[in-house]
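Q: To be precise about what I am sending: the file is called upload16.txt and holds compact mmCIF, C-alpha atoms.
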```txt
# COMPACT_ATOMS: atom_id res chain seq x y z
CA MET A 1 -24.28 97.57 -76.97
CA LYS A 2 -23.22 95.77 -73.81
CA ILE A 3 -24.14 97.29 -70.44
CA ALA A 4 -23.26 96.15 -66.92
CA PHE A 5 -24.97 97.02 -63.64
CA VAL A 6 -22.69 96.70 -60.63
CA GLY A 7 -22.69 97.78 -57.00
CA LYS A 8 -22.49 96.48 -53.47
CA GLY A 9 -25.05 94.03 -52.19
CA GLY A 10 -28.33 95.74 -51.39
CA SER A 11 -27.56 98.85 -53.44
CA GLY A 12 -30.51 98.23 -55.75
CA LYS A 13 -28.60 97.23 -58.89
CA THR A 14 -30.97 94.38 -59.76
CA THR A 15 -34.00 96.63 -59.34
CA LEU A 16 -32.47 99.36 -61.48
CA SER A 17 -31.23 96.95 -64.14
CA SER A 18 -34.76 95.50 -64.37
CA LEU A 19 -36.22 99.01 -64.72
CA PHE A 20 -33.71 99.78 -67.45
CA ILE A 21 -34.61 96.57 -69.29
CA ARG A 22 -38.32 97.49 -69.08
CA HIS A 23 -37.49 100.98 -70.36
CA LEU A 24 -35.61 99.55 -73.34
CA ALA A 25 -38.48 97.19 -74.14
CA ALA A 26 -40.89 100.13 -73.98
CA ASN A 27 -38.66 101.88 -76.54
CA GLU A 28 -38.92 98.82 -78.82
CA ALA A 29 -35.25 97.92 -78.43
CA HIS A 30 -33.90 94.40 -78.94
CA VAL A 31 -32.74 93.19 -75.52
CA VAL A 32 -30.88 90.19 -74.12
CA ALA A 33 -30.78 90.34 -70.31
CA VAL A 34 -28.32 88.24 -68.30
CA ASP A 35 -28.51 87.51 -64.58
CA ALA A 36 -24.86 87.02 -63.61
CA ASP A 37 -25.31 87.69 -59.90
CA ILE A 38 -24.54 85.01 -57.34
CA ASN A 39 -28.03 85.73 -55.97
CA GLN A 40 -30.42 85.22 -58.87
CA HIS A 41 -33.15 87.87 -58.58
CA LEU A 42 -33.38 89.47 -62.02
CA GLY A 43 -36.10 87.10 -63.22
CA ALA A 44 -38.30 87.97 -60.26
CA ALA A 45 -37.64 91.68 -60.78
CA LEU A 46 -38.86 91.24 -64.36
CA GLY A 47 -42.11 89.71 -63.17
CA LEU A 48 -41.43 85.95 -63.13
CA ASP A 49 -42.99 84.04 -60.27
CA GLU A 50 -40.87 81.81 -58.05
CA ASP A 51 -41.39 78.67 -60.11
CA GLU A 52 -40.74 80.44 -63.42
CA ALA A 53 -37.53 81.99 -62.10
CA ALA A 54 -36.33 78.65 -60.72
CA ALA A 55 -37.01 77.00 -64.10
CA LEU A 56 -34.60 79.29 -65.98
CA PRO A 57 -31.86 77.12 -67.50
CA ALA A 58 -28.40 77.62 -66.03
CA MET A 59 -25.78 78.79 -68.52
CA GLY A 60 -23.08 77.08 -66.47
CA ALA A 61 -24.78 73.73 -67.01
CA GLN A 62 -24.67 74.29 -70.78
CA LEU A 63 -20.98 75.16 -70.96
CA PRO A 64 -20.01 72.15 -73.16
CA LEU A 65 -22.71 73.10 -75.69
CA ILE A 66 -21.67 76.77 -75.58
CA LYS A 67 -18.02 75.92 -76.22
CA GLU A 68 -18.74 73.48 -79.03
CA TYR A 69 -21.03 75.91 -80.83
CA LEU A 70 -18.71 78.92 -80.52
CA ARG A 71 -15.68 76.91 -81.55
CA GLY A 72 -17.19 76.37 -84.98
CA SER A 73 -14.49 75.46 -87.47
CA ASN A 74 -11.76 77.58 -85.87
CA PRO A 75 -8.58 75.61 -86.70
CA ARG A 76 -6.70 77.15 -83.77
CA ILE A 77 -8.97 75.46 -81.22
CA THR A 78 -8.24 71.75 -81.26
CA SER A 79 -11.24 70.81 -79.12
CA ALA A 80 -14.01 72.45 -77.15
CA ALA A 81 -12.41 71.06 -73.99
CA THR A 82 -9.46 73.43 -74.46
CA MET A 83 -11.65 76.53 -74.44
CA ILE A 84 -11.70 78.60 -71.27
CA LYS A 85 -13.81 81.60 -70.26
CA THR A 86 -11.45 84.07 -71.98
CA THR A 87 -11.00 82.22 -75.29
CA PRO A 88 -11.32 84.83 -78.06
CA PRO A 89 -12.95 84.28 -81.46
CA GLY A 90 -10.94 83.88 -84.63
CA GLU A 91 -11.44 82.86 -88.22
CA GLY A 92 -13.96 80.01 -88.26
CA SER A 93 -15.47 80.80 -84.86
CA ARG A 94 -19.21 81.19 -84.61
CA LEU A 95 -20.44 84.54 -83.35
CA LEU A 96 -23.60 85.39 -81.43
CA ARG A 97 -26.00 88.10 -82.54
CA VAL A 98 -28.74 89.64 -80.42
CA ARG A 99 -31.62 89.10 -82.85
CA GLU A 100 -30.79 85.66 -84.19
CA ASP A 101 -31.91 82.22 -83.13
CA ASN A 102 -29.09 79.80 -82.35
CA PRO A 103 -28.47 76.69 -80.21
CA ILE A 104 -27.11 78.73 -77.30
CA PHE A 105 -30.20 80.90 -77.05
CA ASP A 106 -32.36 77.81 -77.54
CA ALA A 107 -30.67 76.11 -74.58
CA CYS A 108 -30.04 79.05 -72.27
CA ALA A 109 -32.49 81.89 -73.02
CA ARG A 110 -36.17 82.23 -72.28
CA THR A 111 -38.57 84.86 -73.58
CA VAL A 112 -40.03 87.14 -70.91
CA ARG A 113 -43.11 89.15 -71.80
CA LEU A 114 -43.09 92.66 -70.37
CA ASP A 115 -45.80 95.31 -70.59
CA ASP A 116 -44.35 96.84 -73.74
CA GLY A 117 -42.52 94.00 -75.47
CA ASP A 118 -40.55 90.79 -75.13
CA ILE A 119 -36.94 90.32 -74.06
CA ARG A 120 -34.63 87.33 -73.86
CA LEU A 121 -33.46 86.39 -70.37
CA MET A 122 -30.43 84.25 -69.54
CA ALA A 123 -29.02 83.28 -66.15
CA THR A 124 -25.75 81.83 -64.93
CA GLY A 125 -27.59 79.66 -62.44
CA PRO A 126 -27.46 79.96 -58.65
CA PHE A 127 -24.54 78.95 -56.47
CA THR A 128 -25.89 75.75 -54.97
CA GLU A 129 -25.03 73.76 -51.86
CA SER A 130 -23.35 71.13 -54.04
CA ASP A 131 -20.88 73.81 -55.22
CA LEU A 132 -19.64 74.56 -51.71
CA GLY A 133 -16.00 73.62 -51.27
CA VAL A 134 -15.56 72.35 -54.85
CA ALA A 135 -16.35 75.29 -57.13
CA CYS A 136 -16.13 79.05 -57.29
CA TYR A 137 -18.73 81.37 -58.73
CA HIS A 138 -16.32 82.54 -61.40
CA SER A 139 -16.67 79.15 -63.08
CA LYS A 140 -20.38 79.86 -63.54
CA VAL A 141 -19.88 83.42 -64.76
CA GLY A 142 -17.29 82.07 -67.21
CA ALA A 143 -20.11 81.00 -69.52
CA VAL A 144 -21.27 84.62 -69.68
CA GLU A 145 -17.78 85.91 -70.42
CA LEU A 146 -17.25 83.39 -73.21
CA CYS A 147 -20.54 84.43 -74.81
CA LEU A 148 -19.71 88.13 -74.49
CA ASN A 149 -16.35 87.51 -76.20
CA HIS A 150 -18.19 86.01 -79.17
CA LEU A 151 -21.14 88.41 -79.29
CA VAL A 152 -21.26 91.08 -81.97
CA ASP A 153 -23.85 93.78 -81.39
CA GLY A 154 -25.23 96.78 -83.19
CA PRO A 155 -26.21 100.27 -81.97
CA ASP A 156 -29.90 99.40 -81.53
CA GLU A 157 -29.24 96.12 -79.71
CA TYR A 158 -28.73 95.81 -75.96
CA VAL A 159 -27.12 93.16 -73.78
CA VAL A 160 -27.79 94.10 -70.15
CA VAL A 161 -25.91 92.15 -67.47
CA ASP A 162 -26.78 92.26 -63.78
CA MET A 163 -23.35 91.54 -62.30
CA THR A 164 -22.41 89.91 -59.02
CA ALA A 165 -22.05 92.32 -56.11
CA GLY A 166 -18.79 94.06 -55.31
CA SER A 167 -15.69 93.90 -57.50
CA ASP A 168 -15.66 90.18 -58.31
CA SER A 169 -15.81 90.82 -62.07
CA PHE A 170 -12.18 91.95 -61.89
CA ALA A 171 -11.14 88.34 -61.33
CA SER A 172 -11.11 88.09 -65.14
CA GLY A 173 -11.34 90.41 -68.11
CA MET A 174 -15.12 90.51 -68.05
CA PHE A 175 -15.19 94.11 -66.83
CA THR A 176 -13.74 95.22 -70.18
CA ARG A 177 -16.56 93.59 -72.20
CA PHE A 178 -19.01 96.46 -71.67
CA ASP A 179 -19.56 99.74 -73.46
CA MET A 180 -20.96 101.22 -70.28
CA THR A 181 -20.83 100.16 -66.64
CA PHE A 182 -23.46 101.69 -64.37
CA LEU A 183 -22.41 101.54 -60.75
CA ILE A 184 -25.32 101.82 -58.33
CA ALA A 185 -24.31 103.69 -55.18
CA GLU A 186 -26.24 104.64 -52.09
CA PRO A 187 -25.37 107.97 -50.44
CA THR A 188 -23.27 106.36 -47.69
CA ARG A 189 -19.56 105.70 -47.16
CA LYS A 190 -20.08 102.00 -47.80
CA GLY A 191 -22.22 102.87 -50.78
CA VAL A 192 -19.37 104.61 -52.60
CA SER A 193 -16.59 102.22 -51.54
CA VAL A 194 -17.24 99.84 -54.47
CA TYR A 195 -17.15 102.84 -56.81
CA ARG A 196 -13.61 103.64 -55.66
CA GLN A 197 -12.53 100.03 -56.26
CA TYR A 198 -14.02 100.01 -59.77
CA LYS A 199 -12.55 103.38 -60.61
CA GLU A 200 -9.08 102.26 -59.58
CA TYR A 201 -9.18 98.85 -61.30
CA ALA A 202 -10.72 100.18 -64.52
CA ARG A 203 -8.43 103.20 -64.82
CA ASP A 204 -5.94 101.61 -67.22
CA PHE A 205 -8.48 99.88 -69.46
CA GLY A 206 -10.61 102.73 -70.78
CA VAL A 207 -13.76 101.44 -69.06
CA ASP A 208 -16.67 103.88 -69.25
CA LEU A 209 -18.07 104.07 -65.72
CA MET A 210 -21.00 106.19 -64.56
CA VAL A 211 -22.60 106.29 -61.11
CA VAL A 212 -26.33 106.08 -60.52
CA GLY A 213 -27.21 107.35 -57.06
CA ASN A 214 -29.97 105.25 -55.51
CA LYS A 215 -32.17 105.80 -52.45
CA VAL A 216 -31.45 109.52 -52.58
CA GLN A 217 -33.83 111.30 -50.22
CA GLY A 218 -32.80 114.92 -50.30
CA GLU A 219 -30.27 117.60 -51.13
CA ASP A 220 -27.83 116.40 -48.46
CA ASP A 221 -27.70 112.93 -50.06
CA LEU A 222 -27.18 114.50 -53.46
CA GLU A 223 -24.37 116.74 -52.25
CA PHE A 224 -22.68 113.77 -50.57
CA LEU A 225 -22.63 111.80 -53.81
CA ARG A 226 -21.43 114.79 -55.81
CA ALA A 227 -18.56 115.28 -53.37
CA GLU A 228 -17.59 111.59 -53.42
CA VAL A 229 -17.86 110.72 -57.13
CA GLY A 230 -17.75 114.08 -58.89
CA ASP A 231 -18.49 114.13 -62.61
CA ASP A 232 -19.04 110.36 -62.66
CA LEU A 233 -22.46 110.92 -61.07
CA LEU A 234 -24.93 110.59 -63.94
CA VAL A 235 -28.37 110.60 -62.30
CA THR A 236 -30.03 109.89 -58.97
CA VAL A 237 -33.12 107.89 -58.12
CA GLY A 238 -35.29 108.36 -55.05
CA HIS A 239 -38.33 106.67 -53.58
CA SER A 240 -40.67 104.99 -56.05
CA ASP A 241 -44.18 103.81 -55.26
CA TRP A 242 -44.07 101.84 -58.51
CA VAL A 243 -40.96 99.95 -57.36
CA ARG A 244 -42.47 99.32 -53.94
CA ALA A 245 -45.51 97.76 -55.59
CA MET A 246 -43.26 95.70 -57.88
CA GLU A 247 -41.35 94.36 -54.88
CA LYS A 248 -44.66 93.23 -53.41
CA GLY A 249 -45.43 91.39 -56.63
CA ARG A 250 -48.14 93.84 -57.66
CA PRO A 251 -46.55 96.22 -60.18
CA ALA A 252 -48.64 98.69 -62.12
CA ARG A 253 -48.12 99.01 -65.85
CA PHE A 254 -44.65 100.32 -66.56
CA GLU A 255 -46.03 103.45 -68.22
CA LEU A 256 -47.10 104.56 -64.73
CA LEU A 257 -43.53 104.67 -63.41
CA GLU A 258 -42.85 108.14 -62.02
CA ALA A 259 -41.84 110.70 -64.64
CA ASP A 260 -38.56 111.65 -62.95
CA ASN A 261 -37.51 108.00 -62.81
CA ARG A 262 -38.39 107.50 -66.46
CA MET A 263 -36.25 110.53 -67.28
CA ALA A 264 -33.39 108.97 -65.28
CA LEU A 265 -33.69 105.75 -67.28
CA GLN A 266 -33.59 107.72 -70.54
CA ALA A 267 -30.38 109.39 -69.32
CA LEU A 268 -28.89 105.92 -68.83
CA GLN A 269 -29.86 104.92 -72.35
CA ASN A 270 -28.39 108.12 -73.79
CA ALA A 271 -25.11 107.58 -71.94
CA ALA A 272 -24.88 103.96 -73.16
CA GLU A 273 -25.54 104.99 -76.76
CA ASP A 274 -22.87 107.70 -76.57
CA SER A 275 -20.39 105.17 -75.22
CA TYR A 276 -21.16 102.66 -77.97
CA GLU A 277 -20.49 105.30 -80.61
CA ARG A 278 -16.98 105.63 -79.14
CA ARG A 279 -16.31 101.87 -79.13
CA ASP A 280 -12.81 101.05 -80.32
CA TRP A 281 -13.18 97.56 -81.80
CA ASN A 282 -9.42 97.11 -82.08
CA ARG A 283 -8.89 97.89 -78.40
CA TYR A 284 -11.87 95.71 -77.51
CA THR A 285 -10.23 92.77 -79.30
CA ARG A 286 -6.77 93.51 -77.87
CA GLN A 287 -8.12 93.49 -74.32
CA MET A 288 -9.84 90.18 -74.99
CA VAL A 289 -6.53 88.69 -76.11
CA HIS A 290 -4.63 90.30 -73.20
CA PHE A 291 -6.77 88.64 -70.56
CA HIS A 292 -6.82 85.33 -72.41
CA LEU A 293 -3.02 85.19 -72.45
CA LYS A 294 -2.92 86.20 -68.81
CA ASN A 295 -5.37 83.46 -67.81
CA ALA A 296 -3.63 80.92 -70.03
CA GLU A 297 -0.31 81.50 -68.30
CA SER A 298 -1.65 81.62 -64.76
CA TRP A 299 -3.91 78.54 -64.84
CA GLY A 300 -5.42 77.74 -68.24
CA ASN A 301 -2.48 75.93 -69.84
CA GLU A 302 -2.06 73.69 -66.83
CA LYS A 303 -5.77 72.94 -66.55
CA THR A 304 -6.30 72.08 -70.22
CA GLY A 305 -2.91 70.61 -71.01
CA ALA A 306 -2.69 72.83 -74.08
CA ASP A 307 -0.85 75.97 -75.15
CA LEU A 308 -3.80 78.35 -75.11
CA ALA A 309 -1.76 81.20 -76.55
CA ALA A 310 -1.98 79.30 -79.84
CA GLN A 311 -5.75 79.96 -79.85
CA VAL A 312 -5.17 83.65 -80.60
CA ASP A 313 -5.74 84.62 -84.23
CA PRO A 314 -3.44 87.66 -84.63
CA SER A 315 -5.23 88.93 -87.74
CA PHE A 316 -8.76 88.74 -86.35
CA VAL A 317 -10.63 91.85 -85.15
CA LEU A 318 -14.19 91.56 -83.87
CA ASP A 319 -15.92 94.51 -85.49
CA GLU A 320 -19.05 95.83 -87.18
CA ARG A 321 -18.45 93.70 -90.30
CA PHE A 322 -19.99 90.79 -88.39
CA ILE A 323 -23.10 92.52 -87.05
CA HIS A 324 -25.38 91.36 -89.82
CA ALA A 325 -26.09 87.65 -89.84
CA GLY A 326 -25.33 87.14 -93.50
CA ALA A 327 -22.85 84.41 -92.64
CA ALA A 328 -22.76 82.04 -89.68
CA GLN A 329 -19.03 82.51 -89.24
CA PRO A 330 -16.42 85.19 -89.81
CA ALA A 331 -15.02 85.04 -93.33
```
Take the structure in this file and express it as structure tokens.

A:
Amino acid sequence: MKIAFVGKGGSGKTTLSSLFIRHLAANEAHVVAVDADINQHLGAALGLDEDEAAALPAMGAQLPLIKEYLRGSNPRITSAATMIKTTPPGEGSRLLRVREDNPIFDACARTVRLDDGDIRLMATGPFTESDLGVACYHSKVGAVELCLNHLVDGPDEYVVVDMTAGSDSFASGMFTRFDMTFLIAEPTRKGVSVYRQYKEYARDFGVDLMVVGNKVQGEDDLEFLRAEVGDDLLVTVGHSDWVRAMEKGRPARFELLEADNRMALQALQNAAEDSYERRDWNRYTRQMVHFHLKNAESWGNEKTGADLAAQVDPSFVLDERFIHAGAAQPA
């Protein structure tokens, strides 16, 4: 299942996404974690030192490889150069699977050893000084979106994406790629403002959105969040000595995380699993195509010099038939 963590800057989404990843690893789940934030901090939150985090390969730098691999033998895609971030798979395309080894994971993913198991970590790459004035961050996140479009996942497999702050993911169709979106909100007016934006944008697309209240210090904070977000409030998280030690670079073993916070993380996992069970693969594929056609018309055709609508395979549905890696490509 695919899970996004979103929220305003400073809300704690990277910290909570890293705790959730550790929780999944402790439950022996298969996990691919993706740092898609403009500020790359997920590696550090998962225990990498500064040099290790800086050495993570940038997905954006591997975009030609990603496109060429995913293109496969799809006859509707004349060249990898005509693929854009929203290009959907079709007959002949290569798909990604969480547990497999493939050239994209070889180039872009690194294994991170946690207390209770290993996970794969990928990163878009930071927004560098050389990008200023000549690039936008969406071009870097585009590599993530293209991979999500071609990734087929099972119920015991998790792709956890730490998204860029605010509502930037609505610049493309990436917000529809997730079974569950956890929005991290502090109990302040600014803290819930991003929630209102997400709720409004996602309303027409069937996006499952739940709020995780962070930095909740008492009943007044809890009542504020309940009043502002209603039934979308899933759980709340308060002060954590374990997290404070982690932020100092001296975390205890994860099994020592406070019991109430571990219960909160289990509630997140339960909600994600429930959402995955409701996944409508046909709608998931239709939304992929919808945003591809929209991007093709607005800028993609002009940029590539090709009719990108012709890349859509009208008979193809990305579904559970492709979960098992019996074949490298859809039949």

Q: For CA of Leu233 (chain A) and CA of Asp37 (chain A), determine how far apart the two atoms are, in Å to one decimal place.

A: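 Value for the CA of Leu233 (chain A)-CA of Asp37 (chain A) distance: 23.4 Å.
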
Q: Please list as a list of chain:residue names every residue within 10 Å of Thr285 (chain A), counting all atoms listed in the file and excluding residues in the same chain fewer than 2 positions away.

A: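 Result of the neighbour search: A:Pro88, A:Pro89, A:Asn149, A:Arg177, A:Asp280, A:Trp281, A:Asn282, A:Arg283, A:Gln287, A:Met288, A:Val289, A:His290, A:Phe316, A:Val317, A:Leu318, A:Asp319.
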
Q: Quick one: pull the distance between CA of Ala25 (chain A) and CA of Leu257 (chain A), Å, one decimal.

A: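 Between CA of Ala25 (chain A) and CA of Leu257 (chain A) the gap works out to 14.0 Å.
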
Q: Would you list the contacts of Lys85 (chain A) as a VMD selection string, taking every protein, DNA or RNA residue within 12 Å and counting all atoms listed in the file, but skipping same-chain residues closer than 6 positions in sequence?

A: chain A and resid 60 63 to 64 66 to 67 70 138 to 150 171 to 174 288 to 289 291 to 296 299 to 300 308

Q: So how far away is CA of Lys8 (chain A) from CA of Gly47 (chain A), in Å?

A: 22.9 Å

Q: Excluding Gly191 (chain A) and any residue of its chain fewer than 3 positions from it, enumerate the residues within 12 Å of it, using all atoms listed in the file, and give them as a ChimeraX atom specification.

A: /A:6-13,165-166,183-188,194-197,211-216,221,224-225,228-229

Q: What are the centre and edge lengths in Å, to one decimal, of the axis-aligned box around all listed atoms of region 216-235 of chain A with 3 Å added on each side, as JSON?

A:
```
{"center_x": -25.7, "center_y": 113.6, "center_z": -56.2, "size_x": 22.2, "size_y": 14.1, "size_z": 21.5}
```

Q: Tell me which protein, DNA and RNA residues are within 8 Å of Asp115 (chain A), counting all atoms listed in the file, leaving out same-chain ones fewer than 3 positions away, and put them as a VMD selection string.

A: chain A and resid 22 26 253 to 254

Q: Pull the neighbourhood of (-26.6, 96.3, -79.9) for me: all residues within 6 Å in file coordinates, counting all atoms listed in the file, as a VMD selection string.

A: chain A and resid 1 153 to 158

Q: Under the rule that only C-alpha atoms are counted, which of A:Ala33, A:Leu48, A:Ser18, A:Val152 is the nearest residue to Ile323 (chain A)?

A: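 Smallest separation from Ile323 (chain A) among the options: A:Val152.
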
Q: Under the rule that only C-alpha atoms are counted, which of A:Arg262, A:Val207, A:Ser193, A:Asp232 is the nearest residue to Thr181 (chain A)?

A: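 Looking at the shortest contact to Thr181 (chain A), the residue is A:Val207.
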